[in-house]
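Since the structure comes first, as structure tokens, the remarks are kept for the end.
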Amino acid sequence: MAMLAAKLLLLLFLFGGICSSAALDNCVFLGEEEKDSLYKDGDVVIGGLFPLHYSPVSSPLTYTTKPTPNMHNFSSRAVRWMQTMIFTIKEINQRSDLLSQLKLGFHIRDSCDDIPVSLRASLLLVNGQPERSSRAESINRNKSTERNNGSDLGCAAVQRTVSPVIIGDAASGVSMALLRSLGTFHIPLVSYFASCSCLSNQREFPTFMRTMPSDAFQIRALARLVSYFGWTWVGVIGVKSDYARFAIQLFLQESVQYGVCAAYTHFYPVVLNQQALDELLDVIQIASSKVIINFSSESEMQVILTEIQRRNITGLQWIASEAWATAKSLWEKFGKLLMGTLGFAIQRADVIPGLKQHLSNLRPSYIHPSAFLTELWEEIFNCRLNGSVNSHYHGDDNYVDRLPCNGKEDLNDVYSPYSDVTQLRVSYNVYKAVYLVAHALQDMSNCIVGQGPFLNGTCADPKNFKPWQLIHYMKRSNFSALGEKVNFDHNGDPIAYYDLLNWQKNPDGSLHLVKVGFYDASLAAGRSLVINDSLIQWPFGKKACRSVCSDSCPPGSRITRRKGEPICCFDCVPCAEGEVSNKTDSLDCSRCSEDRWPNKARDLCIPKIVEFLSYHEIMGIMLCVVSVLGACASLSILALFFTYKDTPLVRANNMELSFLLLVFLAVCFLVGLLFIGEPSDWLCRIRYPAFGISFALCISCLLAKTVVVLMAFRSTLPGSDVMKWFGPNQQRASVLLGTAVQVIICLIWLFISPPHANNNTDYYSGNIIIECVTGSEVGFWCVLGYIGILACMCFLMAFLARKLPDHFNEAKFITFSMLIFFAVWITFIPVYVSTAGKYTVAVHIFAILASAFGLLVCIFAPKCFIIILKPEKNCKKNMMQR
């Protein structure tokens, strides 16, 4: 309650009026008379607030004295905005198709870009101000004077028609202050330049609308812009105002999704003293970012650029907010610093028909009654009008010393921001704001009684309505202005469209604002920003500067964050083994599938190298040749023995077992071929049993031969009939029996867990080893173990028979062959276990070939030597010698 009372007292204090009694009819206006305004009567008088004067210095509120406006600077641009409102109302009044039954008027006041002044002016607009020469005249005014149209804000006796709606203000902070006061009374406020996104809050500001897009759209456009040029490390600065605070906050939130970070965020005061400037410039100079986004007006920007010029700071890429994106006045002094500046400007009207003529038609005779227009004239032509009502003296010159105006001045002969219609942006917003009110009044006039939007289907009277009734129609307004569709969203904001402007230098040195793109919020997100890079002139060089905290991570690497630093500051780490990243600045590396492997750059998964012992490689060819040669050698010896089968040497050494042994040795050599080539399940199930059975046959034959040799000498003892148990049939049976055990082991192995082909990707990361997996390790080692048992028995028998009295004792050669056999396979086991892939297979084949050659050479080479080279020794006499 205390705060509400303080607020009301402040309103009354600023308004300058109090009531002398409880009765409203006796209300007395006690404030100072405000004469600096433009007024034209009508059925509906639209209020207007324009910052015709402004000052970088705000008036401190002491609440002990009446605040006085600071009007140090005069804005001819704002006068153009004001004149655009007057022109638009005049244009509407002349139309027969719009508000033909109503006449619009206007009441325009100076807001001075200052909250206290704006608040007072707005209260005067919605209440009116009495035209009187004395206080008594105000008290005795006719009580039947028309009361305020539903606002009931204060003194009711007025002479001027009150304004049910206000076009204004330009500043977001001022607009917020007005809304918090006028919003209580449902007075609509239509701003033409207030862009703060905070004003889109319809719960807090339900009576606010604007023809200026919300900063939320501009921020999205800016975030897309810096991302488009790869600027991920930008400086963000702004004046200490609601506009900049909300804009920077939105930018920091929006830019994250584009991977853009703020190198620094710095707010500076509206009044930039030397200390504040030093702090700001120190931040800019120290930071590594050369791209700066500045949310401020041109007045603050002018002070900053002055200091930058003094310090001779160069190489900056400026990104302008819409508040100064078209501020041509900055170019005159700082064109070199602003070359290549990019900024989004609100939509421009190519031309407003008749506005140029309206602005240029000012004549001294017309402007004398208006202090605003008088001041404009004296500022443009630097002269003094006779009988001037201008009371604002500013600038460096002495106003009193100015020469009188000669009356022949013509606005067409000089350039001024007032008459410049090449960049009709804010003026176009004013134009649309007036038409918004006009179309709302037209919709109100078209209402049919009984079908109206209010209680019981009632309609509002266009000549006597409540402000809240007008805002109802304004929220639903939809019209065209200069051929453009004007729509508003649920927050009262227009659909955003921005021109992307590039500051370029004309041949004559003047500023050329070149449209190099646009941002249309109505388009899909991926197509909303369109940029023509070829039209852009950069501050330095022929391409955009680089502004990054960390260089992009190339494909084949990933980003790793630096602890305690923004997300744009990172290190690049190569992808781990088996992983790839195929795009720049990848956050993670993806693992290749099992049949693929990263290339050298680790940016692509390529098929793994398939590895197996092939017939097409040198090692496979060599082993294949040796296997075939071994088989051929065995068969050749077999043929030789068959040719000399009747000779004593062949017959004396168990000819039948020798023939079988040579056949089985040939099979052992050929089994090596099963280990060459791409493994498959059927091949794996053949190669291991074939290997085990073939060697079991060979060792069984050797074992039978050894036993026969041993038993043959035992049978020579008197009374011994041992040989009858080792006849040919028994020898064949012993070979079959020795091999049958191996066959049974293989069958059990194949039945329980047979060998099979497998793609091994664990041993070599970049290779797929196609190998035969034994299935059951027990089965594999049982096969080897059984061969070893047979070999041990054979070696033992041969060792016992090595010194038997015979000139050509075969047991000696069998002993040597078994020693070689053991040496080969004992060496094979550790090598086999420690290798992988095709080398394991090669070791296995080498062991097969080496052991087979050992048997073939040790047993049959001496015999072949005698048969071929020493045939004279191949006789019975020689065989019988001891």
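The chains in the structure tokens are called A, B, ... from first to last as shown; in each chain the residues are counted from 1, and the ligands are counted from 1 in the order shown.
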
Exercise: Asp681 in chain A partners within 12 Å, only C-alpha atoms, chain neighbours under 3 positions left out, as a count of residues only: 19

Distance query Ser227 in chain A at most 9 Å, only C-alpha atoms, self and fewer than 6 positions along chain excluded, as a count of residues only: 4

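When the distance limit is 9 Å and only C-alpha atoms are what count, the residues near His439 in chain A, minus those fewer than 3 positions from it on the same chain, are Leu98, Leu99, Val434, Tyr435, Leu436, Gln442, Asp443, Met444, Tyr473, Met474, Ser477, Asn478 and Phe479 of chain A.
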
Within 10 Å of Pro566 in chain A using only C-alpha atoms, minus same-chain residues under 6 positions, as a PyMOL selection string: chain A and resi 233+260-263+549

Write out the residues from the selection above, keeping N, CA and C atoms, as a compact mmCIF listing (two decimals), in the first residue's frame.
# COMPACT_ATOMS: atom_id res chain seq x y z
N TRP A 233 34.10 -16.39 -31.69
CA TRP A 233 34.72 -15.72 -30.54
C TRP A 233 34.52 -14.22 -30.74
N VAL A 260 28.75 -20.25 -30.78
CA VAL A 260 29.38 -18.93 -30.67
C VAL A 260 29.52 -18.56 -29.21
N CYS A 261 30.68 -18.04 -28.84
CA CYS A 261 30.94 -17.66 -27.44
C CYS A 261 31.30 -16.18 -27.38
N ALA A 262 31.03 -15.62 -26.24
CA ALA A 262 31.41 -14.22 -26.00
C ALA A 262 32.79 -14.18 -25.38
N ALA A 263 33.72 -13.56 -26.10
CA ALA A 263 35.07 -13.39 -25.55
C ALA A 263 35.01 -12.51 -24.31
N CYS A 549 38.38 -18.67 -30.74
CA CYS A 549 39.22 -18.92 -29.56
C CYS A 549 40.14 -20.10 -29.83

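Residues lying within 8 Å of range 577-586 of chain A, counting only C-alpha atoms and ignoring same-chain neighbours fewer than 5 positions away, are Ser552, Cys553, Pro554, Pro555, Gly556, Ser557, Arg558, Ile559, Arg591, Cys592, Trp597, Pro598, Arg602, Asp603, Leu604, Cys605 and Ser765 of chain A.
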
Strand (DSSP E) residues, from DSSP on the backbone, in range 188-415 of chain A, as a ChimeraX atom specification: /A:189-191,208-210,233-239,261-268,291-295,317-320,342-346

DSSP on the backbone: what in range 396-468 of chain A comes out helix (DSSP H, G or I), as an mmCIF file with N, CA, C and O atoms, in the first residue's frame?
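Saved to out_21.cif:
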data_model
loop_
_atom_site.group_PDB
_atom_site.id
_atom_site.type_symbol
_atom_site.label_atom_id
_atom_site.label_comp_id
_atom_site.auth_asym_id
_atom_site.auth_seq_id
_atom_site.Cartn_x
_atom_site.Cartn_y
_atom_site.Cartn_z
ATOM 1 N N TYR A 399 23.941 31.557 -30.166
ATOM 2 C CA TYR A 399 22.657 31.725 -30.850
ATOM 3 C C TYR A 399 22.362 33.196 -31.133
ATOM 4 O O TYR A 399 21.825 33.543 -32.193
ATOM 5 N N VAL A 400 22.731 34.058 -30.188
ATOM 6 C CA VAL A 400 22.412 35.486 -30.348
ATOM 7 C C VAL A 400 23.148 36.073 -31.539
ATOM 8 O O VAL A 400 22.662 36.990 -32.215
ATOM 9 N N ASP A 401 24.338 35.539 -31.827
ATOM 10 C CA ASP A 401 25.149 36.085 -32.916
ATOM 11 C C ASP A 401 24.740 35.572 -34.293
ATOM 12 O O ASP A 401 25.335 35.963 -35.296
ATOM 13 N N LEU A 411 14.610 23.878 -48.117
ATOM 14 C CA LEU A 411 15.130 22.596 -47.638
ATOM 15 C C LEU A 411 15.647 21.719 -48.778
ATOM 16 O O LEU A 411 16.430 20.800 -48.545
ATOM 17 N N ASN A 412 15.208 21.974 -49.978
ATOM 18 C CA ASN A 412 15.681 21.193 -51.120
ATOM 19 C C ASN A 412 17.114 21.540 -51.511
ATOM 20 O O ASN A 412 17.748 20.812 -52.276
ATOM 21 N N ASP A 413 17.609 22.669 -50.985
ATOM 22 C CA ASP A 413 18.944 23.126 -51.368
ATOM 23 C C ASP A 413 20.041 22.596 -50.450
ATOM 24 O O ASP A 413 21.221 22.781 -50.737
ATOM 25 N N VAL A 426 12.557 3.960 -39.589
ATOM 26 C CA VAL A 426 11.742 4.325 -38.424
ATOM 27 C C VAL A 426 10.525 5.130 -38.887
ATOM 28 O O VAL A 426 9.421 4.973 -38.352
ATOM 29 N N SER A 427 10.723 5.980 -39.879
ATOM 30 C CA SER A 427 9.597 6.750 -40.415
ATOM 31 C C SER A 427 8.517 5.812 -40.946
ATOM 32 O O SER A 427 7.320 6.058 -40.775
ATOM 33 N N TYR A 428 8.952 4.726 -41.580
ATOM 34 C CA TYR A 428 7.996 3.744 -42.098
ATOM 35 C C TYR A 428 7.250 3.067 -40.947
ATOM 36 O O TYR A 428 6.058 2.767 -41.056
ATOM 37 N N ASN A 429 7.955 2.831 -39.833
ATOM 38 C CA ASN A 429 7.291 2.264 -38.658
ATOM 39 C C ASN A 429 6.232 3.215 -38.110
ATOM 40 O O ASN A 429 5.165 2.792 -37.668
ATOM 41 N N VAL A 430 6.552 4.527 -38.095
ATOM 42 C CA VAL A 430 5.562 5.517 -37.653
ATOM 43 C C VAL A 430 4.352 5.481 -38.586
ATOM 44 O O VAL A 430 3.188 5.524 -38.147
ATOM 45 N N TYR A 431 4.624 5.411 -39.862
ATOM 46 C CA TYR A 431 3.565 5.354 -40.874
ATOM 47 C C TYR A 431 2.638 4.166 -40.606
ATOM 48 O O TYR A 431 1.409 4.280 -40.620
ATOM 49 N N LYS A 432 3.236 2.984 -40.357
ATOM 50 C CA LYS A 432 2.431 1.786 -40.095
ATOM 51 C C LYS A 432 1.699 1.880 -38.763
ATOM 52 O O LYS A 432 0.591 1.360 -38.627
ATOM 53 N N ALA A 433 2.307 2.530 -37.770
ATOM 54 C CA ALA A 433 1.662 2.662 -36.459
ATOM 55 C C ALA A 433 0.371 3.477 -36.563
ATOM 56 O O ALA A 433 -0.652 3.137 -35.957
ATOM 57 N N VAL A 434 0.416 4.573 -37.334
ATOM 58 C CA VAL A 434 -0.789 5.391 -37.506
ATOM 59 C C VAL A 434 -1.853 4.609 -38.258
ATOM 60 O O VAL A 434 -3.048 4.641 -37.904
ATOM 61 N N TYR A 435 -1.434 3.863 -39.271
ATOM 62 C CA TYR A 435 -2.403 3.066 -40.020
ATOM 63 C C TYR A 435 -2.978 1.936 -39.168
ATOM 64 O O TYR A 435 -4.119 1.512 -39.378
ATOM 65 N N LEU A 436 -2.197 1.417 -38.233
ATOM 66 C CA LEU A 436 -2.715 0.408 -37.310
ATOM 67 C C LEU A 436 -3.898 0.968 -36.529
ATOM 68 O O LEU A 436 -4.952 0.319 -36.418
ATOM 69 N N VAL A 437 -3.757 2.173 -35.991
ATOM 70 C CA VAL A 437 -4.848 2.793 -35.245
ATOM 71 C C VAL A 437 -6.030 3.069 -36.172
ATOM 72 O O VAL A 437 -7.198 2.840 -35.818
ATOM 73 N N ALA A 438 -5.733 3.537 -37.374
ATOM 74 C CA ALA A 438 -6.805 3.870 -38.308
ATOM 75 C C ALA A 438 -7.613 2.630 -38.691
ATOM 76 O O ALA A 438 -8.851 2.666 -38.734
ATOM 77 N N HIS A 439 -6.945 1.544 -38.983
ATOM 78 C CA HIS A 439 -7.663 0.324 -39.360
ATOM 79 C C HIS A 439 -8.426 -0.253 -38.173
ATOM 80 O O HIS A 439 -9.497 -0.853 -38.366
ATOM 81 N N ALA A 440 -7.892 -0.109 -36.964
ATOM 82 C CA ALA A 440 -8.640 -0.552 -35.791
ATOM 83 C C ALA A 440 -9.925 0.262 -35.638
ATOM 84 O O ALA A 440 -10.990 -0.283 -35.322
ATOM 85 N N LEU A 441 -9.833 1.579 -35.850
ATOM 86 C CA LEU A 441 -11.031 2.428 -35.797
ATOM 87 C C LEU A 441 -12.001 2.061 -36.914
ATOM 88 O O LEU A 441 -13.227 2.111 -36.731
ATOM 89 N N GLN A 442 -11.472 1.710 -38.087
ATOM 90 C CA GLN A 442 -12.344 1.295 -39.196
ATOM 91 C C GLN A 442 -13.091 0.020 -38.845
ATOM 92 O O GLN A 442 -14.294 -0.103 -39.107
ATOM 93 N N ASP A 443 -12.371 -0.958 -38.243
ATOM 94 C CA ASP A 443 -13.033 -2.191 -37.819
ATOM 95 C C ASP A 443 -14.087 -1.904 -36.771
ATOM 96 O O ASP A 443 -15.155 -2.534 -36.751
ATOM 97 N N MET A 444 -13.792 -0.948 -35.895
ATOM 98 C CA MET A 444 -14.764 -0.555 -34.882
ATOM 99 C C MET A 444 -16.001 0.065 -35.540
ATOM 100 O O MET A 444 -17.149 -0.192 -35.128
ATOM 101 N N SER A 445 -15.793 0.853 -36.569
ATOM 102 C CA SER A 445 -16.908 1.502 -37.273
ATOM 103 C C SER A 445 -17.754 0.485 -38.026
ATOM 104 O O SER A 445 -18.960 0.701 -38.223
ATOM 105 N N LEU A 455 -19.800 -7.133 -24.367
ATOM 106 C CA LEU A 455 -20.885 -7.746 -23.600
ATOM 107 C C LEU A 455 -22.210 -7.646 -24.347
ATOM 108 O O LEU A 455 -22.587 -6.572 -24.827
ATOM 109 N N ASN A 456 -22.904 -8.783 -24.458
ATOM 110 C CA ASN A 456 -24.212 -8.863 -25.123
ATOM 111 C C ASN A 456 -24.148 -8.437 -26.584
ATOM 112 O O ASN A 456 -25.126 -7.923 -27.149
ATOM 113 N N GLY A 457 -22.961 -8.621 -27.219
ATOM 114 C CA GLY A 457 -22.832 -8.305 -28.630
ATOM 115 C C GLY A 457 -22.837 -6.826 -28.949
ATOM 116 O O GLY A 457 -23.116 -6.430 -30.092
ATOM 117 N N PRO A 467 -10.565 3.355 -24.179
ATOM 118 C CA PRO A 467 -9.281 2.898 -24.726
ATOM 119 C C PRO A 467 -9.150 1.383 -24.798
ATOM 120 O O PRO A 467 -8.558 0.843 -25.739
ATOM 121 N N TRP A 468 -9.687 0.676 -23.814
ATOM 122 C CA TRP A 468 -9.572 -0.784 -23.839
ATOM 123 C C TRP A 468 -10.366 -1.400 -24.985
ATOM 124 O O TRP A 468 -10.066 -2.497 -25.449
#

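Closest to Leu355 in chain A among A:Val778, A:Val234, A:Leu330, A:Leu424 is A:Leu424, based on only C-alpha atoms.
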
List the neighbours of Thr761 in chain A out to 9 Å using only C-alpha atoms; skip same-chain residues closer than 5 positions along the sequence, and give me the result as a short mmCIF file (atom, residue, chain, number, x, y, z; two decimals) with N, CA, C and O atoms, in the first residue's frame.
data_model
loop_
_atom_site.label_atom_id
_atom_site.label_comp_id
_atom_site.auth_asym_id
_atom_site.auth_seq_id
_atom_site.Cartn_x
_atom_site.Cartn_y
_atom_site.Cartn_z
N GLU A 594 32.82 -53.85 -37.17
CA GLU A 594 33.86 -54.85 -36.98
C GLU A 594 34.60 -55.18 -38.27
O GLU A 594 35.75 -55.60 -38.24
N ASP A 595 33.93 -54.99 -39.41
CA ASP A 595 34.59 -55.33 -40.67
C ASP A 595 35.26 -54.13 -41.33
O ASP A 595 35.72 -54.22 -42.47
N GLY A 766 43.59 -53.56 -37.54
CA GLY A 766 43.23 -53.16 -38.89
C GLY A 766 43.03 -54.32 -39.84
O GLY A 766 42.81 -54.09 -41.03
N ASN A 767 43.13 -55.56 -39.35
CA ASN A 767 43.02 -56.73 -40.22
C ASN A 767 41.90 -57.64 -39.75
O ASN A 767 41.61 -57.73 -38.54
N ILE A 768 41.31 -58.32 -40.70
CA ILE A 768 40.40 -59.42 -40.38
C ILE A 768 41.12 -60.71 -40.74
O ILE A 768 41.41 -60.97 -41.91
N ILE A 769 41.49 -61.48 -39.73
CA ILE A 769 42.19 -62.74 -39.94
C ILE A 769 41.14 -63.83 -40.08
O ILE A 769 40.42 -64.14 -39.12
N ILE A 770 41.04 -64.37 -41.27
CA ILE A 770 40.14 -65.51 -41.47
C ILE A 770 40.93 -66.76 -41.13
O ILE A 770 41.91 -67.10 -41.81
#

Shell around range 658-669 of chain A at 8 Å using only C-alpha atoms, local window under 2 positions removed, as a PyMOL selection string: chain A and resi 627-628+630-635+637-638+641+653-656+671-673+691+694-695+697-698+701-702+848-849+852+856

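Between Val190 in chain A and the residues A:Arg561, A:Ile471, A:Ser522, A:Cys405, the shortest atom-to-atom distance, using only C-alpha atoms, involves A:Ile471.
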
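Using only C-alpha atoms, the shortest contact distance between Arg245 in chain A and any of A:Thr84, A:Thr374, A:Thr840, A:Asn294 is found at A:Asn294.
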
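Of the residues under consideration (A:Ala842, A:Leu277, A:Asn93, A:Leu535), A:Ala842 shows the shortest atom-to-atom contact distance to Ile618 in chain A when counting only C-alpha atoms.
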
Computed interatomic separation between CA of Tyr832 in chain A and CA of Leu855 in chain A (Å): 21.3 Å

From A:Cys864, A:Ile826, A:Cys196, A:Ile115, residue lying nearest Ser636 in chain A [only C-alpha atoms]: A:Cys864
